[in-house]
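*Asks:* The file below is start.txt, compact mmCIF, C-alpha atoms and all ligand atoms:
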# COMPACT_ATOMS: atom_id res chain seq x y z
CA MET A 1 -1.70 -30.75 24.97
CA LYS A 2 -3.80 -30.96 21.79
CA THR A 3 -2.44 -29.82 18.40
CA SER A 4 -5.07 -27.08 18.26
CA ASP A 5 -3.81 -25.69 21.59
CA TRP A 6 -0.28 -25.55 20.21
CA LEU A 7 -1.60 -23.74 17.16
CA LEU A 8 -3.44 -21.25 19.39
CA ILE A 9 -0.21 -20.59 21.30
CA GLY A 10 1.58 -20.16 17.94
CA ILE A 11 -1.04 -17.66 16.76
CA ILE A 12 -0.86 -15.62 19.96
CA ALA A 13 2.95 -15.73 19.87
CA PHE A 14 3.01 -14.46 16.26
CA VAL A 15 0.62 -11.61 17.05
CA LEU A 16 2.82 -10.63 20.01
CA ILE A 17 6.10 -10.99 18.10
CA ASP A 18 4.69 -8.95 15.23
CA PHE A 19 3.58 -6.26 17.67
CA ALA A 20 6.88 -6.22 19.58
CA ALA A 21 8.99 -6.17 16.40
CA GLY A 22 6.85 -3.36 14.97
CA ARG A 23 7.23 -1.31 18.14
CA VAL A 24 11.02 -1.85 18.32
CA ILE A 25 11.48 -0.90 14.64
CA ASN A 26 9.35 2.24 15.04
CA PHE A 27 11.24 3.17 18.19
CA LEU A 28 14.60 2.77 16.41
CA ASN A 29 13.29 4.93 13.58
CA GLU A 30 12.05 7.60 15.96
CA ASN A 31 15.49 7.78 17.62
CA SER A 32 17.35 7.69 14.33
CA LYS A 33 15.25 10.62 13.03
CA ASN A 34 16.15 13.10 15.77
CA GLN A 35 19.63 14.26 14.81
CA PRO A 36 21.19 17.72 14.59
CA LEU A 37 20.93 19.36 11.17
CA GLY A 38 23.94 18.05 9.19
CA PRO A 39 25.41 19.56 6.00
CA GLU A 40 23.44 17.20 3.70
CA ALA A 41 20.18 17.99 5.47
CA ALA A 42 20.93 21.74 5.48
CA ASP A 43 20.98 21.52 1.68
CA ILE A 44 17.29 20.56 1.85
CA TYR A 45 15.78 22.10 4.98
CA SER A 46 16.12 25.36 6.84
CA GLU A 47 16.58 24.85 10.61
CA ALA A 48 12.90 25.69 11.19
CA GLU A 49 11.67 23.29 8.46
CA TYR A 50 13.94 20.58 9.82
CA GLN A 51 12.53 20.99 13.35
CA LYS A 52 9.04 20.89 11.88
CA SER A 53 9.82 17.67 9.93
CA MET A 54 11.01 15.97 13.13
CA ALA A 55 7.93 17.09 15.07
CA TYR A 56 5.69 15.82 12.25
CA GLY A 57 7.46 12.44 12.37
CA THR A 58 7.02 12.26 16.14
CA ALA A 59 3.29 13.05 15.90
CA ASN A 60 2.83 10.17 13.44
CA TYR A 61 5.00 7.88 15.55
CA LYS A 62 2.85 8.52 18.62
CA LEU A 63 -0.40 7.94 16.76
CA GLU A 64 0.89 4.70 15.23
CA SER A 65 2.15 3.40 18.58
CA PHE A 66 -1.15 4.14 20.26
CA ALA A 67 -3.21 2.64 17.42
CA SER A 68 -1.13 -0.54 17.35
CA VAL A 69 -1.48 -1.07 21.13
CA ILE A 70 -5.26 -0.80 20.77
CA SER A 71 -5.58 -2.97 17.64
CA THR A 72 -3.26 -5.70 18.97
CA SER A 73 -5.15 -5.79 22.28
CA VAL A 74 -8.49 -6.09 20.50
CA ILE A 75 -7.23 -8.93 18.27
CA LEU A 76 -5.70 -10.81 21.23
CA VAL A 77 -8.86 -10.48 23.33
CA ALA A 78 -10.99 -11.62 20.36
CA ILE A 79 -8.75 -14.69 19.82
CA ILE A 80 -8.58 -15.63 23.50
CA LEU A 81 -12.33 -15.19 24.15
CA GLY A 82 -13.14 -17.21 21.03
CA PHE A 83 -14.98 -14.27 19.39
CA PHE A 84 -14.34 -15.56 15.86
CA ALA A 85 -15.74 -19.03 16.59
CA LYS A 86 -18.77 -17.44 18.30
CA LEU A 87 -19.43 -15.17 15.32
CA ASP A 88 -19.04 -18.16 12.99
CA SER A 89 -21.55 -20.32 14.86
CA PHE A 90 -23.93 -17.34 15.31
CA ILE A 91 -24.12 -16.92 11.51
CA ARG A 92 -24.15 -20.68 10.88
CA GLU A 93 -27.22 -21.18 13.10
CA ARG A 94 -29.15 -18.66 11.01
CA ILE A 95 -27.93 -19.30 7.45
CA GLY A 96 -28.10 -22.65 5.68
CA SER A 97 -25.54 -22.18 2.91
CA ASP A 98 -21.86 -22.66 3.84
CA LEU A 99 -20.78 -20.25 1.11
CA LEU A 100 -23.06 -17.50 2.39
CA VAL A 101 -21.79 -18.07 5.94
CA THR A 102 -18.25 -17.50 4.65
CA VAL A 103 -19.21 -14.30 2.82
CA LEU A 104 -21.16 -12.90 5.78
CA PHE A 105 -18.41 -13.78 8.26
CA ILE A 106 -15.66 -12.07 6.26
CA GLY A 107 -18.00 -9.19 5.33
CA ILE A 108 -18.61 -8.50 9.03
CA LEU A 109 -14.86 -8.62 9.73
CA ILE A 110 -14.19 -6.16 6.87
CA ILE A 111 -16.83 -3.76 8.27
CA LEU A 112 -15.52 -4.10 11.86
CA SER A 113 -11.93 -3.48 10.80
CA SER A 114 -12.96 -0.41 8.74
CA LEU A 115 -14.82 0.98 11.75
CA GLY A 116 -11.89 0.12 14.01
CA SER A 117 -9.38 2.02 11.89
CA LEU A 118 -11.66 5.06 11.62
CA PRO A 119 -10.60 6.95 14.81
CA ALA A 120 -6.88 6.81 13.88
CA SER A 121 -7.70 7.87 10.34
CA ILE A 122 -9.81 10.82 11.55
CA TYR A 123 -7.07 11.89 13.98
CA SER A 124 -4.39 11.61 11.30
CA THR A 125 -6.35 13.63 8.72
CA PHE A 126 -8.04 16.27 10.86
CA VAL A 127 -5.52 16.72 13.67
CA ILE A 128 -1.99 15.87 12.46
CA GLU A 129 -2.30 16.66 8.75
CA THR A 130 -4.30 19.81 9.55
CA LYS A 131 -1.76 21.01 12.11
CA TYR A 132 1.10 20.62 9.60
CA GLU A 133 -0.97 22.33 6.89
CA PHE A 134 -1.25 19.33 4.57
CA ASN A 135 -4.93 18.58 4.93
CA LYS A 136 -7.48 19.92 2.44
CA THR A 137 -10.03 17.12 2.93
CA THR A 138 -13.43 18.34 4.09
CA PRO A 139 -15.41 16.14 6.52
CA LYS A 140 -17.90 15.53 3.70
CA LEU A 141 -15.17 14.30 1.32
CA PHE A 142 -13.64 12.20 4.09
CA ILE A 143 -16.94 10.43 4.75
CA ALA A 144 -17.53 9.90 1.01
CA ASP A 145 -14.02 8.38 0.67
CA GLN A 146 -14.55 6.04 3.61
CA VAL A 147 -17.93 4.87 2.33
CA LYS A 148 -16.59 4.31 -1.21
CA ASN A 149 -13.56 2.41 0.10
CA LEU A 150 -15.73 0.17 2.24
CA LEU A 151 -18.21 -0.51 -0.57
CA LEU A 152 -15.35 -1.32 -2.94
CA SER A 153 -13.72 -3.78 -0.55
CA LEU A 154 -17.05 -5.46 0.06
CA GLY A 155 -18.16 -5.30 -3.59
CA ILE A 156 -14.91 -6.71 -4.98
CA GLY A 157 -13.60 -8.76 -2.06
CA LEU A 158 -16.74 -10.71 -1.22
CA PRO A 159 -17.58 -12.06 -4.72
CA LEU A 160 -13.93 -13.09 -5.11
CA LEU A 161 -14.05 -14.78 -1.71
CA TYR A 162 -17.31 -16.52 -2.65
CA ALA A 163 -15.61 -17.94 -5.76
CA ILE A 164 -12.56 -19.10 -3.78
CA ALA A 165 -14.76 -20.77 -1.14
CA TRP A 166 -16.78 -22.45 -3.90
CA ILE A 167 -13.59 -23.77 -5.54
CA TYR A 168 -12.47 -25.07 -2.14
CA GLN A 169 -15.80 -26.83 -1.60
CA GLU A 170 -15.93 -28.41 -5.07
CA LEU A 171 -12.27 -29.13 -5.93
CA GLN A 172 -10.51 -29.94 -2.65
CA SER A 173 -7.30 -31.48 -4.05
CA VAL A 174 -6.58 -28.96 -6.83
CA PHE A 175 -8.13 -26.06 -4.91
CA TRP A 176 -4.80 -24.27 -4.50
CA LEU A 177 -4.05 -24.28 -8.24
CA VAL A 178 -7.50 -23.24 -9.50
CA ALA A 179 -7.90 -20.59 -6.78
CA TRP A 180 -4.44 -19.25 -7.64
CA LEU A 181 -5.35 -19.05 -11.34
CA LEU A 182 -8.51 -17.14 -10.43
CA VAL A 183 -6.61 -14.70 -8.21
CA ALA A 184 -3.86 -14.33 -10.82
CA SER A 185 -6.47 -13.42 -13.48
CA PHE A 186 -8.06 -10.95 -11.10
CA THR A 187 -4.64 -9.45 -10.27
CA LEU A 188 -3.90 -9.11 -13.98
CA PHE A 189 -7.19 -7.29 -14.46
CA MET A 190 -6.40 -4.95 -11.54
CA PHE A 191 -2.84 -4.25 -12.73
CA VAL A 192 -4.12 -3.36 -16.20
CA PHE A 193 -7.45 -1.67 -15.51
CA GLY A 194 -7.52 -1.01 -11.73
CA THR A 195 -6.42 2.63 -11.77
CA ARG A 196 -8.36 3.36 -14.96
CA ILE A 197 -11.61 2.10 -13.44
CA PHE A 198 -11.35 2.98 -9.78
CA LEU A 199 -9.32 6.20 -9.63
CA PRO A 200 -12.11 8.26 -11.31
CA LEU A 201 -14.38 7.26 -8.41
CA PHE A 202 -12.13 9.34 -6.16
CA ASN A 203 -10.48 11.93 -8.40
CA LYS A 204 -11.01 13.86 -11.60
CA LEU A 205 -8.48 13.18 -14.34
CA LYS A 206 -8.18 15.73 -17.13
CA PRO A 207 -5.79 16.17 -20.04
CA LEU A 208 -3.02 18.71 -19.46
CA PRO A 209 -4.11 22.18 -20.57
CA GLU A 210 -2.40 23.89 -23.55
CA GLY A 211 0.67 25.94 -22.70
CA GLU A 212 4.39 25.93 -22.03
CA LEU A 213 4.28 22.82 -19.84
CA ARG A 214 2.25 20.79 -22.31
CA ASP A 215 4.61 21.80 -25.13
CA ALA A 216 7.71 20.76 -23.14
CA ILE A 217 6.08 17.46 -22.19
CA GLU A 218 4.96 16.85 -25.77
CA ILE A 219 8.55 17.18 -27.03
CA TYR A 220 9.80 14.74 -24.39
CA CYS A 221 6.97 12.23 -24.87
CA LYS A 222 7.50 12.24 -28.65
CA SER A 223 11.20 11.53 -28.19
CA GLN A 224 10.26 8.48 -26.06
CA GLY A 225 7.30 7.27 -28.12
CA PHE A 226 4.96 7.76 -25.16
CA PRO A 227 1.47 8.91 -26.26
CA LEU A 228 0.53 12.22 -24.71
CA SER A 229 -3.12 11.14 -24.68
CA LYS A 230 -2.21 8.83 -21.78
CA LEU A 231 -1.10 11.73 -19.63
CA TYR A 232 -3.45 13.27 -17.07
CA GLU A 233 -3.57 15.95 -14.44
CA MET A 234 -5.26 14.80 -11.23
CA ASP A 235 -7.10 17.03 -8.73
CA ALA A 236 -5.12 15.77 -5.71
CA SER A 237 -5.28 19.24 -4.12
CA LYS A 238 -8.80 18.59 -2.87
CA ARG A 239 -7.35 16.18 -0.27
CA SER A 240 -3.80 17.23 0.51
CA THR A 241 -1.06 19.69 -0.39
CA LYS A 242 1.45 16.84 -0.88
CA LEU A 243 2.99 16.36 -4.36
CA ASN A 244 3.21 13.18 -6.41
CA ALA A 245 3.04 11.51 -9.81
CA PHE A 246 2.34 7.91 -10.80
CA PHE A 247 2.46 5.41 -13.63
CA SER A 248 -0.11 2.65 -13.91
CA GLY A 249 -1.34 -0.02 -16.32
CA MET A 250 0.29 -2.20 -18.96
CA GLY A 251 0.55 -2.21 -22.75
CA LYS A 252 -2.05 -0.04 -24.44
CA VAL A 253 -3.90 0.56 -21.19
CA LYS A 254 -1.37 2.79 -19.47
CA ILE A 255 -1.62 6.18 -17.82
CA ILE A 256 0.69 8.66 -16.16
CA GLY A 257 -0.92 10.95 -13.63
CA LEU A 258 0.57 14.22 -12.40
CA TYR A 259 -0.92 15.71 -9.22
CA ASP A 260 -2.13 19.28 -9.74
CA THR A 261 -0.11 20.15 -6.61
CA LEU A 262 3.06 18.96 -8.39
CA ILE A 263 2.25 21.08 -11.44
CA GLU A 264 1.69 24.09 -9.21
CA LYS A 265 4.87 23.83 -7.13
CA LEU A 266 7.49 22.52 -9.60
CA ASN A 267 8.85 24.40 -12.61
CA THR A 268 8.48 23.06 -16.17
CA GLU A 269 11.88 21.33 -16.34
CA GLU A 270 11.39 19.69 -12.94
CA ILE A 271 7.98 18.39 -13.97
CA VAL A 272 9.36 16.93 -17.20
CA ALA A 273 12.16 15.23 -15.20
CA VAL A 274 9.54 13.70 -12.86
CA LEU A 275 7.45 12.67 -15.86
CA ALA A 276 10.56 11.09 -17.42
CA HIS A 277 10.93 9.06 -14.20
CA GLU A 278 7.34 7.80 -14.61
CA VAL A 279 7.95 6.99 -18.29
CA GLY A 280 10.99 5.07 -16.99
CA HIS A 281 8.69 2.86 -14.91
CA TYR A 282 6.80 2.08 -18.10
CA LYS A 283 9.82 1.56 -20.36
CA ARG A 284 11.60 -0.63 -17.84
CA LYS A 285 8.42 -2.76 -17.53
CA HIS A 286 8.15 -2.32 -13.79
CA THR A 287 4.41 -3.05 -13.69
CA LEU A 288 4.95 -6.33 -15.49
CA THR A 289 7.74 -7.49 -13.17
CA MET A 290 5.76 -6.43 -10.10
CA PHE A 291 2.77 -8.34 -11.48
CA LEU A 292 4.85 -11.50 -12.02
CA PHE A 293 6.36 -11.21 -8.56
CA SER A 294 2.96 -10.72 -6.98
CA ASN A 295 1.81 -13.95 -8.63
CA VAL A 296 4.78 -15.84 -7.23
CA GLN A 297 3.71 -14.60 -3.81
CA THR A 298 0.10 -15.69 -4.20
CA LEU A 299 1.32 -19.04 -5.51
CA ILE A 300 3.30 -19.55 -2.29
CA LEU A 301 0.24 -18.47 -0.31
CA PHE A 302 -2.16 -20.82 -2.10
CA SER A 303 0.13 -23.85 -2.10
CA LEU A 304 0.53 -23.50 1.67
CA MET A 305 -3.24 -23.07 1.94
CA GLY A 306 -3.87 -26.19 -0.16
CA TRP A 307 -1.60 -28.11 2.16
CA LEU A 308 -2.94 -26.78 5.48
CA LEU A 309 -6.49 -25.51 5.11
CA SER A 310 -8.23 -28.89 5.38
CA ASN A 311 -6.62 -29.49 8.77
CA PRO A 312 -9.48 -29.21 11.34
CA ASN A 313 -6.99 -28.07 14.00
CA LEU A 314 -6.89 -24.61 12.42
CA SER A 315 -10.58 -23.95 13.17
CA ALA A 316 -10.23 -25.67 16.54
CA ALA A 317 -7.36 -23.31 17.46
CA LEU A 318 -9.81 -20.40 17.22
CA GLY A 319 -12.30 -22.27 19.42
CA SER A 320 -14.63 -24.02 16.96
CA ASP A 321 -15.66 -27.69 17.20
CA VAL A 322 -16.83 -27.67 13.57
CA PRO A 323 -14.23 -27.27 10.78
CA SER A 324 -15.00 -23.99 9.05
CA PHE A 325 -13.41 -22.64 5.87
CA GLN A 326 -13.38 -19.02 7.04
CA LEU A 327 -12.03 -19.79 10.53
CA SER A 328 -9.30 -22.00 9.07
CA MET A 329 -8.42 -19.23 6.64
CA LEU A 330 -8.26 -16.66 9.43
CA ALA A 331 -6.04 -18.93 11.56
CA PHE A 332 -3.91 -19.62 8.49
CA PHE A 333 -3.37 -15.90 7.84
CA LEU A 334 -2.46 -15.27 11.48
CA LEU A 335 0.14 -18.07 11.24
CA PHE A 336 1.27 -16.86 7.81
CA ALA A 337 2.40 -13.50 9.30
CA PRO A 338 6.17 -14.30 9.33
CA VAL A 339 6.07 -15.42 5.66
CA SER A 340 4.19 -12.30 4.66
CA THR A 341 6.77 -10.17 6.51
CA VAL A 342 9.55 -11.78 4.47
CA LEU A 343 7.60 -11.28 1.23
CA GLY A 344 6.98 -7.64 2.17
CA LEU A 345 10.74 -7.11 2.66
CA ILE A 346 11.47 -8.55 -0.79
CA ASN A 347 8.66 -6.50 -2.35
CA ASN A 348 9.89 -3.23 -0.89
CA SER A 349 13.51 -3.81 -1.78
CA PHE A 350 12.46 -4.63 -5.34
CA SER A 351 10.34 -1.49 -5.50
CA ARG A 352 13.19 0.69 -4.17
CA TYR A 353 15.49 -0.79 -6.82
CA ASN A 354 12.91 0.13 -9.48
CA GLU A 355 12.85 3.72 -8.24
CA TYR A 356 16.60 4.05 -8.78
CA GLN A 357 16.15 2.60 -12.27
CA ALA A 358 13.39 5.08 -13.11
CA ASP A 359 15.57 7.98 -11.86
CA GLN A 360 18.36 6.62 -14.03
CA TYR A 361 16.02 6.52 -17.03
CA SER A 362 15.07 10.16 -16.47
CA ILE A 363 18.74 11.18 -16.42
CA GLU A 364 19.55 9.21 -19.56
CA THR A 365 16.65 10.44 -21.66
CA TYR A 366 16.08 14.04 -20.59
CA PRO A 367 19.04 16.40 -20.97
CA GLY A 368 19.79 18.22 -17.72
CA ALA A 369 17.55 15.87 -15.73
CA VAL A 370 20.17 15.35 -13.01
CA GLU A 371 19.79 18.96 -11.87
CA TYR A 372 16.05 19.09 -12.40
CA MET A 373 15.41 15.78 -10.66
CA TYR A 374 17.65 16.88 -7.81
CA SER A 375 15.74 20.09 -7.21
CA ALA A 376 12.36 18.37 -7.77
CA LEU A 377 13.17 15.73 -5.14
CA LYS A 378 14.29 18.41 -2.71
CA LYS A 379 11.03 20.32 -3.19
CA LEU A 380 9.08 17.08 -2.80
CA SER A 381 10.73 16.24 0.51
CA VAL A 382 10.39 19.73 1.97
CA ASN A 383 6.77 19.75 0.86
CA SER A 384 6.02 16.47 2.62
CA LEU A 385 8.33 17.06 5.62
CA SER A 386 10.18 13.79 4.83
CA ASN A 387 12.28 12.09 7.45
CA LEU A 388 15.91 12.59 6.36
CA ASN A 389 17.35 10.03 8.78
CA PRO A 390 15.13 6.94 8.77
CA HIS A 391 16.52 3.81 10.42
CA PRO A 392 17.78 1.22 7.86
CA ILE A 393 15.56 -1.52 9.35
CA TYR A 394 12.52 0.75 9.17
CA VAL A 395 13.39 1.51 5.53
CA ALA A 396 13.69 -2.21 4.74
CA VAL A 397 10.27 -2.93 6.26
CA HIS A 398 8.22 0.11 5.28
CA TYR A 399 9.80 2.08 2.42
CA SER A 400 8.73 1.40 -1.15
CA HIS A 401 10.89 4.39 -2.22
CA PRO A 402 14.54 4.93 -1.25
CA PRO A 403 15.20 7.45 1.56
CA ILE A 404 15.59 10.89 0.02
CA LEU A 405 19.28 11.47 0.87
CA LYS A 406 20.25 8.10 -0.67
CA ARG A 407 18.29 8.94 -3.79
CA LEU A 408 19.94 12.34 -4.11
CA ALA A 409 23.38 10.82 -3.52
CA LYS A 410 22.75 8.27 -6.29
CA LEU A 411 21.75 11.06 -8.70
CA LYS A 412 25.05 12.83 -8.16
ZN ZN B 501 8.78 6.03 -9.15
Starting from the file, lay out its structure as structure tokens.
*Replies:*
Amino acid sequence: MKTSDWLLIGIIAFVLIDFAAGRVINFLNENSKNQPLGPEAADIYSEAEYQKSMAYGTANYKLESFASVISTSVILVAIILGFFAKLDSFIRERIGSDLLVTVLFIGILIILSSLGSLPASIYSTFVIETKYEFNKTTPKLFIADQVKNLLLSLGIGLPLLYAIAWIYQELQSVFWLVAWLLVASFTLFMFVFGTRIFLPLFNKLKPLPEGELRDAIEIYCKSQGFPLSKLYEMDASKRSTKLNAFFSGMGKVKIIGLYDTLIEKLNTEEIVAVLAHEVGHYKRKHTLTMFLFSNVQTLILFSLMGWLLSNPNLSAALGSDVPSFQLSMLAFFLLFAPVSTVLGLINNSFSRYNEYQADQYSIETYPGAVEYMYSALKKLSVNSLSNLNPHPIYVAVHYSHPPILKRLAKLK
């Protein structure tokens, strides 16, 4: 058998393993969730709320299972029937420039995958989230969000891809290093300015209005040397009733955002405790460490690419006689799946560790924060119908925040 056939078998095997592992992990999580209301859980939920949280989890579990069966089938059929090679040669016959072929090919895949994920997204927003009284998104806002997201991925992704393909064409041997430097610079830009630039396309950010809350926050921010001018209230309530807060940016370009839903449902002390947690992310330099770690990941990615991408067997595995940058890249990413799973595990465990640190910072710097944080987290989980008993493997793979009961236990 030819090397390209072995690669094709490898690709199909990885897609199947990824699918099977995903299904098993979700199944374990679904079973782990459905437990009788224990004493710890009774501290958070009433029996009725607890039943509702389990039903909400099950609804999402069913949607995800169904969507993954469909998407995996579509990908497998496309690989086996040689759809990607056919699309590649279809564009190639009509366009002279290799770089434009690459951009068009990936652009079409981005559009197809956005369209493909649309039904699940509509069902999630307008059926599940509506049934559990979270959804506030109007169809008009939903369409606007989808269009903006698609235009952003095309508008940012394709020029970046064009540059990477150009570097590959011109600088074969040092491609991996130069492309990595380009992506690292772009990542730096996004870490610093991303939220600042792109969030206002989706949400309105306004300074906190005068009043008791602003006064309390001002006192805390002064004590920590965090400028109040970097603090915003965000109109999250136009999409969902769920509560949240976030920290973003580095150095002088930093912002903390509080959802208006959080301000509405938490009392002043609880909000300051949550804010102190976000300041903790800033003070403990979590954005910087995440940025550095993300660059280590892309370095691994690009060095493997530099080593493998010029191998014509990658394009051949997807059914093309002509070596093609975009087909090789697609085959590479399909084969890269196990590495990216491992990187995802490290990423999430790192992020969960940071959450504990930020909670710790809140406790250390805001008197009484243990109690306030405790009650804030309880309100947050009731308000989002959190799963109190997630399976540890599911947590390792999917959770960027610690499970709520663990977080509460750590606070005490
Ligand atoms: Zn956090």
*Asks:* Identify, on the basis of only C-alpha atoms, every residue whose closest approach to stretch 345-350 of chain A does not exceed 7 Å; exclude the query and any residue fewer than 6 positions from it along the same chain; express the result as a VMD selection string.
*Replies:* chain A and resid 396 to 397 399 to 400
*Asks:* How would you write, as a list in words, the set of residues no farther than 9 Å from ligand ZN 501 (chain B) when counting only C-alpha atoms and all ligand atoms?
*Replies:* Ala245, Phe246, Phe247, Val274, His277, Glu278, Gly280, His281, Ser351, Arg352, Asn354, Glu355, Tyr356, Gln357, Ala358, Asp359 and His401 of chain A
*Asks:* Between atom CA of A:Thr287 and atom CA of A:Arg196, measure the distance and give it in Å to one decimal.
*Replies:*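 These atoms are spaced 14.3 Å apart.
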*Asks:* Residues near stretch 175-188 of chain A, anyone? I mean within 9 Å using only C-alpha atoms, not counting same-chain ones fewer than 6 positions away, as a ChimeraX atom specification.
*Replies:* /A:160,163-165,167-169,291,294-295,298-299,301-307
*Asks:* Using atom CA of A:Ser89 and atom CA of A:Ile11 as the two end points, give the distance in Å to one decimal.
*Replies:* 20.8 Å
*Asks:* Report, in Å to a single decimal, how far apart atom CA of A:Ala216 and atom CA of A:Thr268 are.
*Replies:*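 It comes out at 7.4 Å.
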*Asks:* Would you list the residues near (20.2, 17.7, 13.5), meaning any protein, DNA or RNA residue with an atom at most 10 Å from that point in file coordinates, counting only C-alpha atoms, as an NGL selection string?
*Replies:* :A and (33-39 or 41-42 or 47 or 50-51 or 54 or 388-389)
